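Novice: For reference, this is entry-v8.tsv, and it has TSV, C-alpha atoms.
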```
chain	number	residue	atom	x	y	z
A	1	MET	CA	133.03	67.96	100.19
A	2	ALA	CA	130.73	69.27	102.91
A	3	PHE	CA	129.96	72.98	102.97
A	4	THR	CA	131.65	74.60	105.99
A	5	TYR	CA	131.00	77.89	107.71
A	6	THR	CA	131.60	79.76	110.96
A	7	THR	CA	128.97	80.59	113.58
A	8	ARG	CA	129.35	84.09	115.04
A	9	LYS	CA	128.63	85.00	118.66
A	10	ASP	CA	125.42	86.76	117.58
A	11	GLY	CA	124.17	83.49	116.06
A	12	ARG	CA	124.64	84.48	112.41
A	13	LEU	CA	126.44	82.12	110.07
A	14	MET	CA	129.51	83.41	108.20
A	15	LYS	CA	131.45	82.27	105.14
A	16	ARG	CA	134.35	83.96	103.35
A	17	VAL	CA	134.59	83.97	99.55
A	18	SER	CA	137.11	85.52	97.18
A	19	VAL	CA	135.53	88.18	94.95
A	20	ASN	CA	137.65	89.98	92.34
A	21	GLY	CA	140.77	88.99	94.26
A	22	LYS	CA	139.40	90.30	97.57
A	23	LEU	CA	137.94	88.39	100.48
A	24	LYS	CA	134.23	88.90	100.89
A	25	THR	CA	132.27	87.80	103.99
A	26	LEU	CA	128.77	86.40	103.54
A	27	TYR	CA	126.19	86.15	106.32
A	28	SER	CA	122.91	84.33	106.78
A	29	ASP	CA	120.61	82.81	109.38
A	30	ASN	CA	120.59	79.29	107.93
A	31	PRO	CA	123.15	77.02	106.23
A	32	LYS	CA	121.19	76.46	103.00
A	33	ASP	CA	120.82	80.18	102.34
A	34	LEU	CA	124.51	80.77	103.12
A	35	GLU	CA	125.54	77.98	100.76
A	36	ARG	CA	123.30	79.41	98.05
A	37	GLN	CA	124.91	82.84	98.50
A	38	TYR	CA	128.36	81.30	98.35
A	39	THR	CA	127.60	79.33	95.18
A	40	GLU	CA	126.01	82.38	93.57
A	41	TYR	CA	128.98	84.61	94.41
A	42	LYS	CA	131.49	82.09	93.07
A	43	TYR	CA	129.51	81.74	89.85
A	44	LEU	CA	129.11	85.48	89.32
A	45	SER	CA	132.73	86.11	90.28
A	46	ASN	CA	133.94	83.59	87.70
A	47	LYS	CA	131.72	85.29	85.11
A	48	GLY	CA	133.10	88.70	86.08
A	49	ILE	CA	129.60	89.97	86.85
A	50	ILE	CA	129.99	91.06	90.48
A	51	ALA	CA	130.64	94.76	90.94
A	52	ASP	CA	133.10	95.79	93.61
A	53	ASP	CA	131.63	96.97	96.88
A	54	GLU	CA	132.82	100.54	96.50
A	55	ASN	CA	131.08	101.16	93.16
A	56	MET	CA	128.02	98.94	93.54
A	57	THR	CA	124.85	100.86	92.73
A	58	VAL	CA	121.34	100.36	94.08
A	59	SER	CA	120.47	98.89	90.69
A	60	ASP	CA	123.36	96.38	90.84
A	61	TRP	CA	122.42	95.17	94.30
A	62	ALA	CA	118.67	95.09	93.53
A	63	ASP	CA	119.31	92.65	90.67
A	64	LYS	CA	121.61	90.55	92.85
A	65	TRP	CA	119.11	90.58	95.72
A	66	LEU	CA	116.31	89.41	93.43
A	67	THR	CA	118.25	86.43	92.04
A	68	THR	CA	119.80	85.45	95.37
A	69	TYR	CA	116.96	85.84	97.83
A	70	LYS	CA	113.72	85.71	95.83
A	71	SER	CA	114.33	83.08	93.15
A	72	ASP	CA	112.40	80.45	95.14
A	73	LYS	CA	109.23	82.54	95.45
A	74	GLU	CA	106.09	82.08	93.35
A	75	LYS	CA	106.37	83.59	89.89
A	76	ALA	CA	103.63	86.11	90.63
A	77	THR	CA	105.59	87.31	93.67
A	78	ILE	CA	108.83	87.52	91.70
A	79	LYS	CA	107.03	89.52	89.03
A	80	MET	CA	105.76	91.94	91.69
A	81	TYR	CA	109.33	92.56	92.90
A	82	GLU	CA	110.67	92.79	89.33
A	83	ASN	CA	108.09	95.44	88.44
A	84	ALA	CA	108.81	97.45	91.59
A	85	ILE	CA	112.53	97.44	90.79
A	86	ARG	CA	112.19	98.06	87.05
A	87	LEU	CA	109.42	100.65	87.09
A	88	HIS	CA	110.04	102.57	90.30
A	89	ILE	CA	113.35	101.86	92.05
A	90	LYS	CA	115.78	101.83	89.12
A	91	PRO	CA	114.44	104.94	87.33
A	92	ASN	CA	114.53	107.02	90.53
A	93	ILE	CA	117.45	105.77	92.67
A	94	GLY	CA	119.05	102.98	90.64
A	95	ASN	CA	122.15	104.93	89.63
A	96	ILE	CA	123.03	106.02	93.17
A	97	ALA	CA	125.96	104.17	94.77
A	98	LEU	CA	124.57	101.82	97.40
A	99	LYS	CA	126.88	103.20	100.08
A	100	ASN	CA	125.80	106.80	99.27
A	101	LEU	CA	122.05	106.20	99.35
A	102	LYS	CA	120.24	108.56	101.72
A	103	GLN	CA	116.78	108.42	103.26
A	104	SER	CA	115.94	111.62	101.38
A	105	ASP	CA	116.60	109.82	98.07
A	106	ILE	CA	113.95	107.23	98.91
A	107	VAL	CA	111.50	109.87	100.15
A	108	ASN	CA	112.00	111.77	96.87
A	109	MET	CA	111.25	108.57	94.94
A	110	LEU	CA	108.01	108.12	96.91
A	111	ASN	CA	107.07	111.77	96.33
A	112	VAL	CA	107.53	111.30	92.57
A	113	LEU	CA	105.22	108.27	92.63
A	114	THR	CA	102.66	110.18	94.72
A	115	LYS	CA	102.60	113.02	92.17
A	116	LYS	CA	101.89	110.43	89.48
A	117	GLY	CA	98.89	109.18	91.47
A	118	ILE	CA	100.55	105.85	92.30
A	119	THR	CA	99.49	104.58	95.73
A	120	ARG	CA	99.42	100.79	96.14
A	121	LYS	CA	102.47	100.26	93.90
A	122	LYS	CA	104.29	102.98	95.81
A	123	ASP	CA	103.81	100.92	98.97
A	124	VAL	CA	105.17	97.85	97.19
A	125	ALA	CA	108.21	99.85	96.04
A	126	LEU	CA	108.90	100.94	99.62
A	127	LEU	CA	108.53	97.41	100.99
A	128	THR	CA	110.85	96.15	98.25
A	129	ILE	CA	113.63	98.70	98.85
A	130	LYS	CA	113.41	98.01	102.59
A	131	GLN	CA	114.02	94.32	101.98
A	132	ILE	CA	116.80	95.07	99.51
A	133	LEU	CA	118.60	97.29	102.01
A	134	ASP	CA	118.07	94.84	104.89
A	135	LYS	CA	120.04	92.22	102.98
A	136	ALA	CA	122.66	94.81	102.02
A	137	VAL	CA	123.20	95.42	105.75
A	138	GLU	CA	123.46	91.69	106.44
A	139	ASN	CA	126.08	91.40	103.67
A	140	ASP	CA	128.04	94.35	105.12
A	141	TYR	CA	127.65	96.51	102.00
A	142	ILE	CA	126.11	99.23	104.15
A	143	TYR	CA	125.95	99.66	107.93
A	144	LYS	CA	122.29	100.62	108.24
A	145	ASN	CA	119.02	100.54	106.33
A	146	VAL	CA	118.17	104.18	105.57
A	147	ALA	CA	114.61	103.20	104.59
A	148	SER	CA	113.74	101.60	107.93
A	149	GLY	CA	112.39	104.84	109.39
A	150	ILE	CA	110.02	105.52	106.49
A	151	LYS	CA	106.47	104.46	107.29
A	152	ILE	CA	103.87	103.45	104.79
A	153	LYS	CA	101.00	105.90	104.77
A	154	LYS	CA	97.74	104.07	105.22
A	155	HIS	CA	95.37	104.61	102.32
A	156	LYS	CA	91.70	104.16	103.04
A	157	ALA	CA	90.46	101.95	100.27
A	158	PRO	CA	87.04	102.80	98.90
A	159	GLU	CA	84.32	100.60	100.27
A	160	LYS	CA	83.56	97.72	97.95
A	161	GLU	CA	79.90	97.59	97.08
A	162	PRO	CA	78.14	94.27	96.58
A	163	LEU	CA	75.94	93.85	93.53
A	164	GLN	CA	72.42	95.10	94.09
A	165	GLU	CA	69.65	92.50	94.20
A	166	HIS	CA	68.12	93.96	91.04
A	167	THR	CA	71.41	93.51	89.17
A	168	ILE	CA	71.67	89.91	90.39
A	169	ASP	CA	68.09	89.29	89.20
A	170	ILE	CA	69.07	90.46	85.72
A	171	VAL	CA	72.13	88.16	85.77
A	172	LYS	CA	69.84	85.25	86.75
A	173	LYS	CA	67.59	86.03	83.81
A	174	LEU	CA	70.49	86.29	81.35
A	175	SER	CA	72.19	83.15	82.66
A	176	LYS	CA	69.35	80.98	81.37
A	177	THR	CA	70.54	81.50	77.79
A	178	ASN	CA	73.98	83.12	78.05
A	179	PRO	CA	77.00	81.03	79.23
A	180	ASN	CA	79.02	84.12	80.14
A	181	ALA	CA	76.20	85.36	82.35
A	182	PHE	CA	76.11	81.97	84.06
A	183	MET	CA	79.84	82.29	84.74
A	184	VAL	CA	79.12	85.59	86.50
A	185	LEU	CA	76.23	84.01	88.42
A	186	PHE	CA	78.47	81.07	89.34
A	187	MET	CA	81.07	83.46	90.77
A	188	ILE	CA	78.41	85.33	92.76
A	189	TYR	CA	77.23	82.13	94.47
A	190	THR	CA	80.61	80.42	94.96
A	191	GLY	CA	82.87	83.36	95.78
A	192	LEU	CA	85.66	81.93	93.65
A	193	ARG	CA	88.53	84.18	92.65
A	194	ARG	CA	89.06	84.93	88.97
A	195	GLU	CA	92.30	82.94	89.13
A	196	GLU	CA	90.40	79.93	90.54
A	197	ILE	CA	87.67	79.98	87.90
A	198	VAL	CA	90.10	79.57	84.99
A	199	PRO	CA	91.52	76.07	85.75
A	200	LEU	CA	88.25	74.68	87.13
A	201	GLN	CA	87.32	71.33	85.57
A	202	TYR	CA	84.26	69.11	85.81
A	203	LYS	CA	86.28	66.56	87.79
A	204	ASN	CA	86.41	69.18	90.56
A	205	ILE	CA	82.63	68.97	90.96
A	206	ASN	CA	80.99	66.50	93.33
A	207	LEU	CA	77.30	66.51	92.47
A	208	GLU	CA	76.35	63.87	95.03
A	209	GLU	CA	77.66	65.86	97.97
A	210	LYS	CA	77.13	69.22	96.25
A	211	TYR	CA	80.54	70.77	96.56
A	212	ILE	CA	83.37	72.05	94.35
A	213	GLU	CA	86.96	71.19	95.24
A	214	ILE	CA	89.35	74.08	94.71
A	215	SER	CA	92.92	72.80	94.45
A	216	ASN	CA	94.43	74.90	91.65
A	217	ALA	CA	94.63	78.48	90.51
A	218	VAL	CA	96.50	80.39	87.82
A	219	TYR	CA	98.54	83.53	87.48
A	220	PHE	CA	98.75	85.42	84.20
A	221	GLU	CA	102.04	85.82	82.39
A	222	HIS	CA	101.91	87.84	79.17
A	223	ASN	CA	98.11	87.46	79.26
A	224	GLN	CA	98.26	83.65	79.34
A	225	PRO	CA	97.25	81.49	82.35
A	226	VAL	CA	99.93	79.48	84.14
A	227	LEU	CA	98.91	76.85	86.69
A	228	LYS	CA	99.91	77.20	90.33
A	229	GLY	CA	98.59	76.27	93.74
A	230	THR	CA	95.76	78.18	95.38
A	231	LYS	CA	96.52	81.52	97.02
A	232	ASN	CA	96.97	79.89	100.43
A	233	SER	CA	98.26	76.56	99.03
A	234	ASP	CA	95.24	74.82	100.58
A	235	THR	CA	92.55	72.67	98.99
A	236	ARG	CA	89.07	73.71	100.05
A	237	LYS	CA	85.50	72.62	99.41
A	238	VAL	CA	82.94	75.21	98.32
A	239	PRO	CA	79.23	74.30	98.54
A	240	ILE	CA	77.06	74.25	95.44
A	241	PHE	CA	73.90	76.12	96.37
A	242	ASN	CA	70.59	75.05	94.84
A	243	ILE	CA	70.32	78.28	92.83
A	244	ILE	CA	73.08	77.12	90.43
A	245	PHE	CA	72.87	73.36	90.93
A	246	ASP	CA	70.49	72.43	88.08
A	247	THR	CA	72.34	74.40	85.43
A	248	LEU	CA	75.67	73.03	86.63
A	249	LYS	CA	74.31	69.47	86.56
A	250	ASN	CA	73.07	69.88	82.98
A	251	MET	CA	76.52	71.13	81.97
A	252	PHE	CA	78.18	68.28	83.87
A	253	ASP	CA	76.07	65.65	82.08
A	254	THR	CA	77.24	66.83	78.64
A	255	HIS	CA	80.98	67.15	79.32
A	256	ASN	CA	83.99	64.98	80.12
A	257	LYS	CA	85.55	65.20	83.56
A	258	ASN	CA	88.75	66.79	82.20
A	259	ASP	CA	86.90	69.55	80.32
A	260	TYR	CA	87.22	73.06	81.67
A	261	ILE	CA	83.93	74.50	82.92
A	262	PHE	CA	84.46	78.04	81.62
A	263	THR	CA	86.60	78.20	78.50
A	264	ASN	CA	87.95	80.21	75.62
A	265	GLN	CA	86.71	79.61	72.06
A	266	LYS	CA	89.02	76.59	71.72
A	267	GLN	CA	87.70	75.01	74.93
A	268	GLY	CA	90.97	75.73	76.72
A	269	MET	CA	91.78	77.87	79.74
A	270	MET	CA	90.77	81.52	79.44
A	271	SER	CA	93.38	84.24	79.08
A	272	GLU	CA	93.20	87.46	81.08
A	273	THR	CA	91.82	89.26	78.02
A	274	CYS	CA	89.25	86.52	77.45
A	275	ILE	CA	87.84	86.89	80.97
A	276	ARG	CA	87.76	90.67	80.67
A	277	ARG	CA	85.83	90.49	77.41
A	278	LYS	CA	83.36	88.00	78.84
A	279	PHE	CA	82.70	90.33	81.77
A	280	GLU	CA	82.35	93.32	79.47
A	281	SER	CA	79.80	91.45	77.33
A	282	VAL	CA	77.69	90.54	80.38
A	283	ILE	CA	77.88	94.07	81.80
A	284	LYS	CA	76.70	95.41	78.44
A	285	LEU	CA	73.75	93.01	78.43
A	286	ILE	CA	72.84	94.02	81.99
A	287	ASN	CA	72.93	97.70	81.08
A	288	ASP	CA	70.85	97.00	77.97
A	289	GLU	CA	68.23	95.48	80.26
A	290	ILE	CA	68.42	98.49	82.60
A	291	LEU	CA	68.01	100.91	79.69
A	292	LYS	CA	65.07	98.88	78.43
A	293	GLU	CA	63.42	99.11	81.85
A	294	GLU	CA	64.14	102.83	82.09
A	295	LYS	CA	62.69	103.38	78.63
A	296	GLU	CA	59.50	101.70	79.71
A	297	LYS	CA	59.39	103.95	82.77
A	298	GLN	CA	60.01	106.95	80.55
A	299	GLU	CA	56.91	106.23	78.57
A	300	ASN	CA	54.91	106.59	81.78
A	301	ASP	CA	56.93	109.44	83.24
A	302	LYS	CA	57.94	112.16	80.78
A	303	GLN	CA	60.05	113.91	83.43
A	304	THR	CA	62.70	111.17	83.33
A	305	ASN	CA	65.58	112.36	81.14
A	306	LYS	CA	68.54	110.67	79.43
A	307	GLU	CA	70.99	111.86	82.09
A	308	GLU	CA	69.05	110.05	84.78
A	309	ILE	CA	69.08	106.91	82.65
A	310	LYS	CA	72.83	107.16	82.18
A	311	GLN	CA	73.35	107.31	85.95
A	312	GLU	CA	71.62	103.95	86.32
A	313	LEU	CA	74.23	102.08	84.27
A	314	ILE	CA	76.47	99.78	86.30
A	315	THR	CA	79.85	98.07	86.14
A	316	PHE	CA	81.62	95.58	88.39
A	317	THR	CA	84.81	93.54	88.73
A	318	PRO	CA	85.40	89.82	89.38
A	319	HIS	CA	86.51	90.66	92.92
A	320	GLN	CA	83.24	92.52	93.47
A	321	LEU	CA	81.40	89.26	92.88
A	322	ARG	CA	83.49	87.64	95.62
A	323	HIS	CA	82.56	90.52	97.92
A	324	THR	CA	78.92	89.98	97.00
A	325	TYR	CA	79.26	86.32	97.99
A	326	VAL	CA	80.56	87.29	101.44
A	327	CYS	CA	77.64	89.70	101.87
A	328	ILE	CA	75.20	86.92	100.95
A	329	LEU	CA	76.77	84.64	103.57
A	330	HIS	CA	76.44	87.39	106.17
A	331	LYS	CA	72.77	87.97	105.36
A	332	ALA	CA	72.17	84.21	105.54
A	333	GLY	CA	73.58	84.15	109.07
A	334	ILE	CA	76.77	82.19	108.26
A	335	ASP	CA	79.39	82.72	110.96
A	336	ILE	CA	82.80	84.17	110.09
A	337	LYS	CA	84.74	80.92	110.64
A	338	GLN	CA	82.55	79.01	108.19
A	339	ALA	CA	82.76	81.89	105.70
A	340	GLN	CA	86.55	81.77	105.99
A	341	ILE	CA	86.57	78.06	105.13
A	342	TRP	CA	84.41	78.56	102.05
A	343	THR	CA	86.17	81.68	100.75
A	344	GLY	CA	89.72	80.55	101.50
A	345	HIS	CA	90.72	83.79	103.22
A	346	ARG	CA	93.94	83.27	105.16
A	347	ASP	CA	93.37	86.32	107.33
A	348	VAL	CA	90.00	86.27	109.08
A	349	ARG	CA	90.33	90.04	109.66
A	350	VAL	CA	89.40	90.61	106.02
A	351	LEU	CA	86.03	88.94	106.61
A	352	LEU	CA	85.70	90.54	110.04
A	353	ASN	CA	85.97	94.00	108.48
A	354	ILE	CA	83.24	93.16	105.95
A	355	TYR	CA	80.95	91.62	108.59
A	356	THR	CA	81.48	94.57	110.95
A	357	HIS	CA	80.69	97.04	108.18
A	358	LEU	CA	77.53	95.15	107.24
A	359	ASP	CA	76.46	94.91	110.89
A	360	SER	CA	76.92	98.68	111.18
A	361	GLN	CA	74.74	99.21	108.10
A	362	ASP	CA	72.04	96.88	109.47
A	363	ASN	CA	72.14	98.71	112.80
A	364	GLN	CA	71.62	102.09	111.10
A	365	LYS	CA	68.75	100.70	109.02
A	366	SER	CA	67.08	99.45	112.22
A	367	ILE	CA	67.46	102.89	113.82
A	368	ASP	CA	65.96	104.53	110.72
A	369	LYS	CA	62.99	102.15	110.83
A	370	VAL	CA	62.27	103.02	114.46
A	371	ASN	CA	62.58	106.75	113.73
A	372	GLN	CA	60.14	106.39	110.81
A	373	PHE	CA	57.74	104.48	113.06
A	374	LEU	CA	57.89	107.14	115.76
A	375	ALA	CA	57.59	110.10	113.35
```
In structure tokens, how does this file's structure come out?

Specialist:
Amino acid sequence: MAFTYTTRKDGRLMKRVSVNGKLKTLYSDNPKDLERQYTEYKYLSNKGIIADDENMTVSDWADKWLTTYKSDKEKATIKMYENAIRLHIKPNIGNIALKNLKQSDIVNMLNVLTKKGITRKKDVALLTIKQILDKAVENDYIYKNVASGIKIKKHKAPEKEPLQEHTIDIVKKLSKTNPNAFMVLFMIYTGLRREEIVPLQYKNINLEEKYIEISNAVYFEHNQPVLKGTKNSDTRKVPIFNIIFDTLKNMFDTHNKNDYIFTNQKQGMMSETCIRRKFESVIKLINDEILKEEKEKQENDKQTNKEEIKQELITFTPHQLRHTYVCILHKAGIDIKQAQIWTGHRDVRVLLNIYTHLDSQDNQKSIDKVNQFLA
């Protein structure tokens, strides 16, 4: 039997369903979503799970919203919403009746998160509750979204710093004998995301044309990698620069095409912890080299103290390597459009901000050089 519904004058689609002996009206913008709502309501009603409209809490509707409207999203996205609801929304406003929720309740929730030093996740919590309440309005549980007037405060993220040339030189040196250091070097000169490195196999490498095909990524669930499409669901080709080509070719010649390039101890895909430990080991080796260099300087300069040596120690993240890659492309004169193709950024504004910042730095350096010349 075909699914039937009524089209309202405002263009919305409407379907009535019996819930707990009462007629309930469902609304949507497309037939498939409306049918999904209807099926879900009938199922939950038969199970006795649906709360009546009068007593439905924010927590009740948040759970219903998640299963009804977000079940088709990527698991990483669903997890983001689940965490926002579980960690921030439910503990602060979950027990309030949906119909009694006030804007001040949401503002108080955000203030609590601010006091705890939570910034980015606070924004996610606000975006989530806004979506939850939008659908509550569409389903006639409430007549307006009390969160719609709350604006997200823009947080100026700290400027990401690319790796210094001296640090990269140390990584180059270490990579000749240390596989983990080569993984770091590989990420510097390919710009691959951490989630793209994990599923990378030798069959993704084209040595003749010198490119790597990126078609898969992973997300981490309970520390373990789970395959998914790339961030933008696009396959892209990343060039293999000469600086890593020879080492990559030697590795290619001694492995099967289905082998993973960077692996755990069992030659399988790396877990989140595995990657972190590999990075920590390389960072330690880099800092050992820096301390060794500083010690040699200390022998020739007795004024150098341990505190100054400590300040020279460095750390970095996988994403910082990707930022370093973009900076290298900028210095090499690669235009933004080409950089976008290689990095897989959906929004070119991300690259534009980096390029603009680097151009500003170069401009200031040029001014300083002229001032020094004229002094």

Novice: Name all residues at most 12 Å from range 338-354 of chain A (count all atoms listed in the file; drop same-chain ones fewer than 2 positions away) and give them as a ChimeraX atom specification.

Specialist: /A:159-162,187-193,196,211-215,230-240,319,321-336,356-361

Novice: For range 241-257 of chain A, please output as a short mmCIF file (atom, residue, chain, number, x, y, z; two decimals) with C-alpha atoms, keeping the file's coordinate frame all residues within 8 Å (counting only C-alpha atoms; exclusion window: fewer than 6 positions along the same chain).

Specialist:
```cif
data_model
loop_
_atom_site.label_atom_id
_atom_site.label_comp_id
_atom_site.auth_asym_id
_atom_site.auth_seq_id
_atom_site.Cartn_x
_atom_site.Cartn_y
_atom_site.Cartn_z
CA LEU A 185 76.23 84.01 88.42
CA PHE A 186 78.47 81.07 89.34
CA TYR A 189 77.23 82.13 94.47
CA GLN A 201 87.32 71.33 85.57
CA TYR A 202 84.26 69.11 85.81
CA LYS A 203 86.28 66.56 87.79
CA LEU A 207 77.30 66.51 92.47
CA LYS A 210 77.13 69.22 96.25
#
```

Novice: Can you pull out every residue within 12 Å of Asp10 in chain A, counting all atoms listed in the file, but drop anything in the same chain fewer than 5 positions away, and send it as a list in words?

Specialist: Tyr27, Ser28 and Asp29 of chain A

Novice: Give the answer as one residue: which of A:Ala76, A:Leu113, A:Leu285, A:Leu26 has the shortest atom-to-atom distance to Leu227 in chain A, using all atoms listed in the file?

Specialist: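 For Leu227 in chain A, the nearest of the given residues is A:Ala76.
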
Novice: Residues near Tyr141 in chain A, anyone? I mean within 12 Å using only C-alpha atoms, not counting same-chain ones fewer than 5 positions away, as a list of chain:residue names.

Specialist: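 The neighbour list is A:Lys24, A:Thr25, A:Leu26, A:Tyr27, A:Ala51, A:Asp52, A:Asp53, A:Glu54, A:Asn55, A:Met56, A:Thr57, A:Val58, A:Asp60, A:Trp61, A:Ala97, A:Leu98, A:Lys99, A:Asn100, A:Leu101, A:Ile132, A:Leu133, A:Asp134, A:Lys135, A:Ala136.
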
Novice: Skipping near chain neighbours, those fewer than 5 positions away, what residues fall within 9 Å of Phe262 in chain A using only C-alpha atoms, listed as a PyMOL selection string?

Specialist: chain A and resi 179-180+183+197-201+267-270

Novice: Rounded to one decimal, what separation in Å do you get between CA of Ala181 in chain A and CA of Lys284 in chain A?

Specialist: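 That distance, rounded to one decimal, is 10.8 Å.
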